[in-house]
$ cat entry.txt   # compact mmCIF, C-alpha atoms and all ligand atoms
# COMPACT_ATOMS: atom_id res chain seq x y z
CA MET A 117 45.21 90.99 -52.08
CA THR A 118 45.66 89.20 -55.40
CA PRO A 119 42.71 89.32 -57.79
CA GLU A 120 41.94 85.67 -57.19
CA LEU A 121 38.48 84.59 -58.17
CA TYR A 122 36.05 84.57 -55.29
CA LEU A 123 32.70 82.90 -55.51
CA ASN A 124 29.48 83.38 -53.66
CA PRO A 125 27.18 80.47 -52.82
CA GLY A 126 24.76 80.08 -55.67
CA GLN A 127 27.04 81.63 -58.24
CA TRP A 128 27.93 78.22 -59.54
CA LEU A 129 25.32 76.24 -61.36
CA LEU A 130 25.01 73.18 -59.18
CA LYS A 131 23.59 70.66 -61.59
CA GLN A 132 26.01 71.22 -64.42
CA SER A 133 28.40 68.42 -65.21
CA HIS A 134 31.90 68.95 -63.91
CA PRO A 135 35.16 67.80 -65.44
CA SER A 136 36.60 65.21 -63.05
CA ASN A 137 39.20 67.50 -61.50
CA SER A 138 37.10 70.58 -60.95
CA PRO A 139 35.27 71.38 -57.71
CA VAL A 140 31.90 69.79 -57.08
CA ILE A 141 29.56 71.93 -55.01
CA LEU A 142 26.46 70.37 -53.61
CA LYS A 143 23.52 71.85 -51.76
CA SER A 144 20.57 69.48 -51.76
CA LEU A 145 19.95 65.75 -51.54
CA ALA A 146 19.15 65.74 -55.26
CA ASP A 147 22.65 67.12 -55.87
CA LEU A 148 24.08 64.33 -53.72
CA ASN A 149 22.45 61.36 -55.38
CA GLY A 150 20.64 62.63 -58.44
CA ARG A 151 17.18 61.65 -57.21
CA ALA A 152 14.45 64.25 -57.21
CA GLU A 153 12.09 62.74 -54.64
CA HIS A 154 13.22 62.09 -51.09
CA ALA A 155 11.38 61.52 -47.88
CA SER A 156 14.57 62.57 -46.15
CA VAL A 157 16.70 65.49 -45.06
CA CYS A 158 20.38 65.94 -44.19
CA LEU A 159 20.92 67.73 -40.89
CA THR A 160 24.36 69.32 -40.65
CA PHE A 161 26.05 70.87 -37.61
CA ASP A 162 29.08 73.16 -38.01
CA ASP A 163 31.86 74.64 -35.88
CA GLY A 164 32.29 71.85 -33.31
CA PRO A 165 33.31 69.70 -31.68
CA ASP A 166 32.25 71.68 -28.64
CA PRO A 167 32.63 70.11 -25.19
CA ALA A 168 29.38 71.63 -23.92
CA PHE A 169 27.03 71.39 -26.89
CA SER A 170 28.19 68.54 -29.13
CA PRO A 171 27.47 65.89 -26.44
CA ARG A 172 24.01 67.38 -25.85
CA ILE A 173 23.19 67.34 -29.52
CA LEU A 174 24.58 63.82 -29.90
CA ASP A 175 22.40 62.67 -26.98
CA ILE A 176 19.28 64.18 -28.57
CA LEU A 177 20.06 62.63 -31.96
CA ALA A 178 20.60 59.23 -30.31
CA GLU A 179 17.33 59.48 -28.35
CA HIS A 180 15.48 60.09 -31.61
CA LYS A 181 17.49 57.58 -33.66
CA ALA A 182 18.45 60.43 -35.98
CA ARG A 183 21.64 60.79 -37.98
CA ALA A 184 23.49 63.95 -38.92
CA SER A 185 26.73 65.26 -40.40
CA PHE A 186 29.20 67.34 -38.42
CA PHE A 187 31.54 69.77 -40.16
CA VAL A 188 34.27 70.07 -37.56
CA VAL A 189 36.96 72.73 -37.11
CA GLY A 190 40.40 71.09 -37.11
CA GLU A 191 41.79 72.84 -34.05
CA PHE A 192 38.72 71.89 -32.00
CA ALA A 193 38.88 68.31 -33.31
CA GLU A 194 42.46 68.11 -32.02
CA GLN A 195 41.35 69.47 -28.64
CA HIS A 196 38.41 67.07 -28.34
CA PRO A 197 39.23 64.00 -30.43
CA GLN A 198 36.96 61.81 -28.29
CA LEU A 199 33.95 63.83 -29.47
CA VAL A 200 34.89 63.30 -33.10
CA GLU A 201 35.23 59.58 -32.40
CA ARG A 202 31.85 59.57 -30.70
CA MET A 203 30.21 61.26 -33.72
CA LEU A 204 31.51 58.52 -35.93
CA GLN A 205 30.73 55.67 -33.54
CA GLU A 206 27.13 56.83 -33.34
CA GLY A 207 26.73 56.64 -37.10
CA HIS A 208 27.16 60.27 -38.05
CA THR A 209 29.33 61.66 -40.83
CA VAL A 210 32.29 63.93 -40.04
CA GLY A 211 33.40 66.56 -42.55
CA ASN A 212 36.19 69.13 -42.90
CA HIS A 213 35.34 72.74 -41.93
CA THR A 214 38.97 74.04 -42.10
CA PHE A 215 41.51 74.21 -39.27
CA HIS A 216 41.00 77.71 -37.82
CA HIS A 217 37.71 78.76 -39.40
CA TYR A 218 39.27 81.83 -40.99
CA HIS A 219 37.01 83.62 -43.43
CA PRO A 220 38.15 82.13 -46.77
CA TRP A 221 38.40 85.52 -48.43
CA THR A 222 40.76 87.01 -45.83
CA VAL A 223 43.72 84.64 -46.13
CA LEU A 224 46.47 84.11 -48.68
CA PRO A 225 45.97 81.26 -51.17
CA GLY A 226 48.63 79.09 -49.47
CA THR A 227 46.88 79.49 -46.13
CA ALA A 228 43.53 78.68 -47.74
CA ARG A 229 44.97 75.39 -49.02
CA GLU A 230 46.71 74.62 -45.73
CA GLU A 231 43.46 75.16 -43.80
CA VAL A 232 42.00 72.30 -45.82
CA THR A 233 44.93 69.86 -45.77
CA ARG A 234 45.76 70.32 -42.09
CA THR A 235 42.19 69.47 -41.09
CA SER A 236 42.05 66.38 -43.27
CA ARG A 237 45.37 65.27 -41.79
CA SER A 238 44.07 65.75 -38.25
CA LEU A 239 40.87 63.86 -38.98
CA GLN A 240 42.84 61.08 -40.62
CA GLN A 241 44.78 60.69 -37.37
CA ILE A 242 41.70 60.81 -35.16
CA ILE A 243 39.28 58.63 -37.11
CA GLY A 244 41.64 56.64 -39.31
CA PHE A 245 40.49 57.95 -42.67
CA ALA A 246 40.30 61.25 -44.51
CA PRO A 247 36.95 63.06 -44.72
CA ARG A 248 34.88 62.94 -47.93
CA TRP A 249 33.07 66.22 -47.38
CA PHE A 250 34.10 69.85 -47.06
CA ARG A 251 32.23 72.99 -46.09
CA PRO A 252 33.97 76.38 -46.21
CA PRO A 253 33.54 78.76 -43.25
CA HIS A 254 30.57 81.09 -43.76
CA GLY A 255 29.78 79.14 -46.94
CA ARG A 256 32.22 81.39 -48.78
CA LEU A 257 33.77 79.76 -51.81
CA ARG A 258 37.28 80.38 -52.97
CA ARG A 259 39.07 78.85 -55.89
CA ALA A 260 42.36 77.99 -54.13
CA MET A 261 40.44 76.21 -51.40
CA LEU A 262 38.07 74.39 -53.73
CA LYS A 263 40.89 73.16 -55.93
CA GLN A 264 42.60 71.71 -52.86
CA VAL A 265 39.33 70.13 -51.73
CA ALA A 266 38.90 68.52 -55.16
CA ALA A 267 42.53 67.38 -55.25
CA GLU A 268 41.96 65.60 -51.93
CA GLY A 269 38.89 63.86 -53.34
CA MET A 270 36.40 65.75 -51.20
CA LYS A 271 33.14 67.33 -52.28
CA THR A 272 32.00 70.74 -51.10
CA VAL A 273 28.59 70.80 -49.46
CA LEU A 274 26.69 73.99 -48.77
CA TRP A 275 23.03 73.90 -47.71
CA THR A 276 19.53 74.59 -48.92
CA ARG A 277 18.18 76.05 -45.68
CA SER A 278 19.89 77.69 -42.72
CA MET A 279 18.33 77.74 -39.27
CA ILE A 280 20.25 81.03 -38.69
CA ASP A 281 21.07 79.84 -35.18
CA TRP A 282 23.41 82.74 -34.53
CA GLY A 283 23.30 86.48 -33.97
CA PRO A 284 20.13 88.48 -33.32
CA LEU A 285 17.95 86.16 -35.43
CA GLY A 286 19.07 83.15 -33.39
CA THR A 287 16.13 83.19 -30.97
CA ASP A 288 13.95 80.27 -29.85
CA GLU A 289 11.03 81.67 -31.85
CA GLY A 290 13.05 82.33 -34.99
CA ILE A 291 14.80 78.97 -34.99
CA ALA A 292 11.56 77.09 -34.23
CA GLU A 293 9.83 78.92 -37.08
CA ARG A 294 12.59 78.07 -39.54
CA MET A 295 12.65 74.45 -38.37
CA ALA A 296 8.91 74.21 -39.09
CA GLU A 297 9.59 75.23 -42.71
CA ILE A 298 12.04 72.41 -43.44
CA ARG A 299 11.06 70.34 -46.46
CA GLN A 300 12.17 66.94 -47.61
CA GLY A 301 15.23 66.84 -49.83
CA GLU A 302 16.94 69.70 -48.05
CA VAL A 303 20.37 70.05 -46.48
CA ILE A 304 19.93 71.97 -43.23
CA LEU A 305 22.59 74.19 -41.64
CA MET A 306 22.82 74.34 -37.84
CA HIS A 307 25.66 74.75 -35.33
CA ASP A 308 26.91 72.60 -32.47
CA GLY A 309 29.94 74.83 -31.84
CA GLU A 310 29.60 77.98 -29.75
CA ARG A 311 32.25 80.00 -31.56
CA GLN A 312 31.52 83.68 -32.29
CA HIS A 313 27.80 84.44 -32.29
CA ASN A 314 26.44 80.90 -32.57
CA LYS A 315 23.56 79.80 -30.35
CA PRO A 316 23.96 76.02 -30.10
CA GLY A 317 22.10 75.98 -26.78
CA ILE A 318 18.96 77.20 -28.52
CA THR A 319 19.47 74.80 -31.40
CA ALA A 320 19.75 71.94 -28.91
CA ARG A 321 16.61 73.10 -27.10
CA GLN A 322 14.60 73.20 -30.35
CA LEU A 323 16.06 70.03 -31.85
CA PRO A 324 13.79 67.44 -30.14
CA ALA A 325 10.66 69.13 -31.53
CA LEU A 326 12.20 69.19 -35.01
CA LEU A 327 13.12 65.51 -34.89
CA GLU A 328 9.66 64.57 -33.60
CA ARG A 329 8.01 66.59 -36.38
CA LEU A 330 10.16 64.96 -39.04
CA GLN A 331 9.26 61.53 -37.64
CA ARG A 332 5.55 62.34 -37.70
CA ARG A 333 5.88 63.40 -41.33
CA GLY A 334 7.77 60.21 -42.23
CA ILE A 335 10.92 62.14 -43.17
CA HIS A 336 14.17 60.34 -42.42
CA THR A 337 17.41 61.98 -41.41
CA LEU A 338 20.34 60.82 -43.52
CA THR A 339 24.03 61.50 -43.16
CA LEU A 340 25.84 62.83 -46.22
CA ASP A 341 27.46 59.41 -46.63
CA GLU A 342 24.03 57.76 -46.57
CA ALA A 343 22.48 60.33 -48.90
CA ALA A 344 25.30 59.95 -51.40
CA GLY A 345 24.78 56.20 -51.32
ZN ZN A 401 31.40 77.56 -39.57

$ encode --input "entry.txt" --output "structure tokens"
Amino acid sequence: MTPELYLNPGQWLLKQSHPSNSPVILKSLADLNGRAEHASVCLTFDDGPDPAFSPRILDILAEHKARASFFVVGEFAEQHPQLVERMLQEGHTVGNHTFHHYHPWTVLPGTAREEVTRTSRSLQQIIGFAPRWFRPPHGRLRRAMLKQVAAEGMKTVLWTRSMIDWGPLGTDEGIAERMAEIRQGEVILMHDGERQHNKPGITARQLPALLERLQRRGIHTLTLDEAAG
């Protein structure tokens, strides 16, 4: 493996000013629009579209008049283009989460770039325009990928709080507890795709209570497009 620079989330100072061609990495609503106070959150769902869970989550969001952002995997988007269209039609934002969801650190630089471009091309064909937002698999940053993302005019969005809706911590109790800790101004990571160890069924089951709690607290859900203004 070439000694290419790898970056961990948080290694980059998020609020520093970036030269126009360098990667922009965002985590919170304040990063998105420069405002410190928000009675809002951005809910994000990764790894779909999933024929079983994306429709369920879309139904729940619609019932609660909530908006979210979906970071879709290119190969699944090509398999279920109607779900990507539905996300958009219902007012959500669709972002690029690479084509195969390879771990960014395990592939050659050319593949890392191709994972980005191929997904944007697919989404362009499905929804008629290229995505504005990118999230790397596992939140793992890699220079070759980020340069491609910047060259395509996208911004990289990580998150401030993960619901850890996968693996042994992805239980009803654990996810409900983490959902109760969500604060305004945060970008929240969840999953609508069942790949690997994800638990989108549990996320879907806990989502109505989260949306009701946010409503009671007067906290709006914004898409990334809305948050960025
Ligand atoms: Zn993912």

$ residues_near_ligand --input "entry.txt" --ligand "ligand ZN 401 (chain A)" --cutoff "9 Å" --atoms "all atoms listed in the file" --output "PyMOL selection string"
chain A and resi 161-164+187-189+213-214+217+251-255+307+309+311

$ residues_near_point --input "entry.txt" --point "(36.3, 59.7, -43.6)" --cutoff "10 Å" --atoms "all atoms listed in the file" --output "MDAnalysis selection string"
chainID A and resid 204 209:212 236 239:240 243:249 270 341

$ atom_distance --input "entry.txt" --atom1 "atom CA of His313 of chain A" --atom2 "atom CA of Leu199 of chain A"
21.7 Å

$ residues_around --input "entry.txt" --residues "segment 319-329 of chain A" --least-positions-apart "6" --cutoff "8 Å" --atoms "all atoms listed in the file" --output "list in words"
Phe169, Arg172, Ile173, Ile176, His180, Ala182, Asp281, Asp288, Ile291, Ala292, Met295, Ala296, Met306, His307 and Asp308 of chain A

$ closest_residue --input "entry.txt" --among "A:Ile304, A:Ser185, A:Ile242, A:Val265" --to "His208 of chain A" --atoms "only C-alpha atoms"
A:Ser185

$ closest_residue --input "entry.txt" --among "A:His154, A:His196, A:Arg229, A:Lys143" --to "Met261 of chain A" --atoms "all atoms listed in the file"
A:Arg229

$ residues_near_point --input "entry.txt" --point "(11.7, 67.5, -45.2)" --cutoff "8 Å" --atoms "all atoms listed in the file" --output "list in words"
Ala155, Ser156, Val157, Ile298, Arg299, Gln300, Gly301, Glu302, Leu330 and Ile335 of chain A

$ closest_residue --input "entry.txt" --among "A:Gly269, A:Gly283, A:Pro197, A:Pro167" --to "Val140 of chain A" --atoms "all atoms listed in the file"
A:Gly269

$ atom_distance --input "entry.txt" --atom1 "atom CA of Val232 of chain A" --atom2 "atom CA of Pro171 of chain A"
25.1 Å

$ closest_residue --input "entry.txt" --among "A:Ile318, A:Ala146, A:Met279, A:Ala267" --to "Ala344 of chain A" --atoms "only C-alpha atoms"
A:Ala146

$ atom_distance --input "entry.txt" --atom1 "atom CA of Arg259 of chain A" --atom2 "atom CA of Ser278 of chain A"
23.3 Å
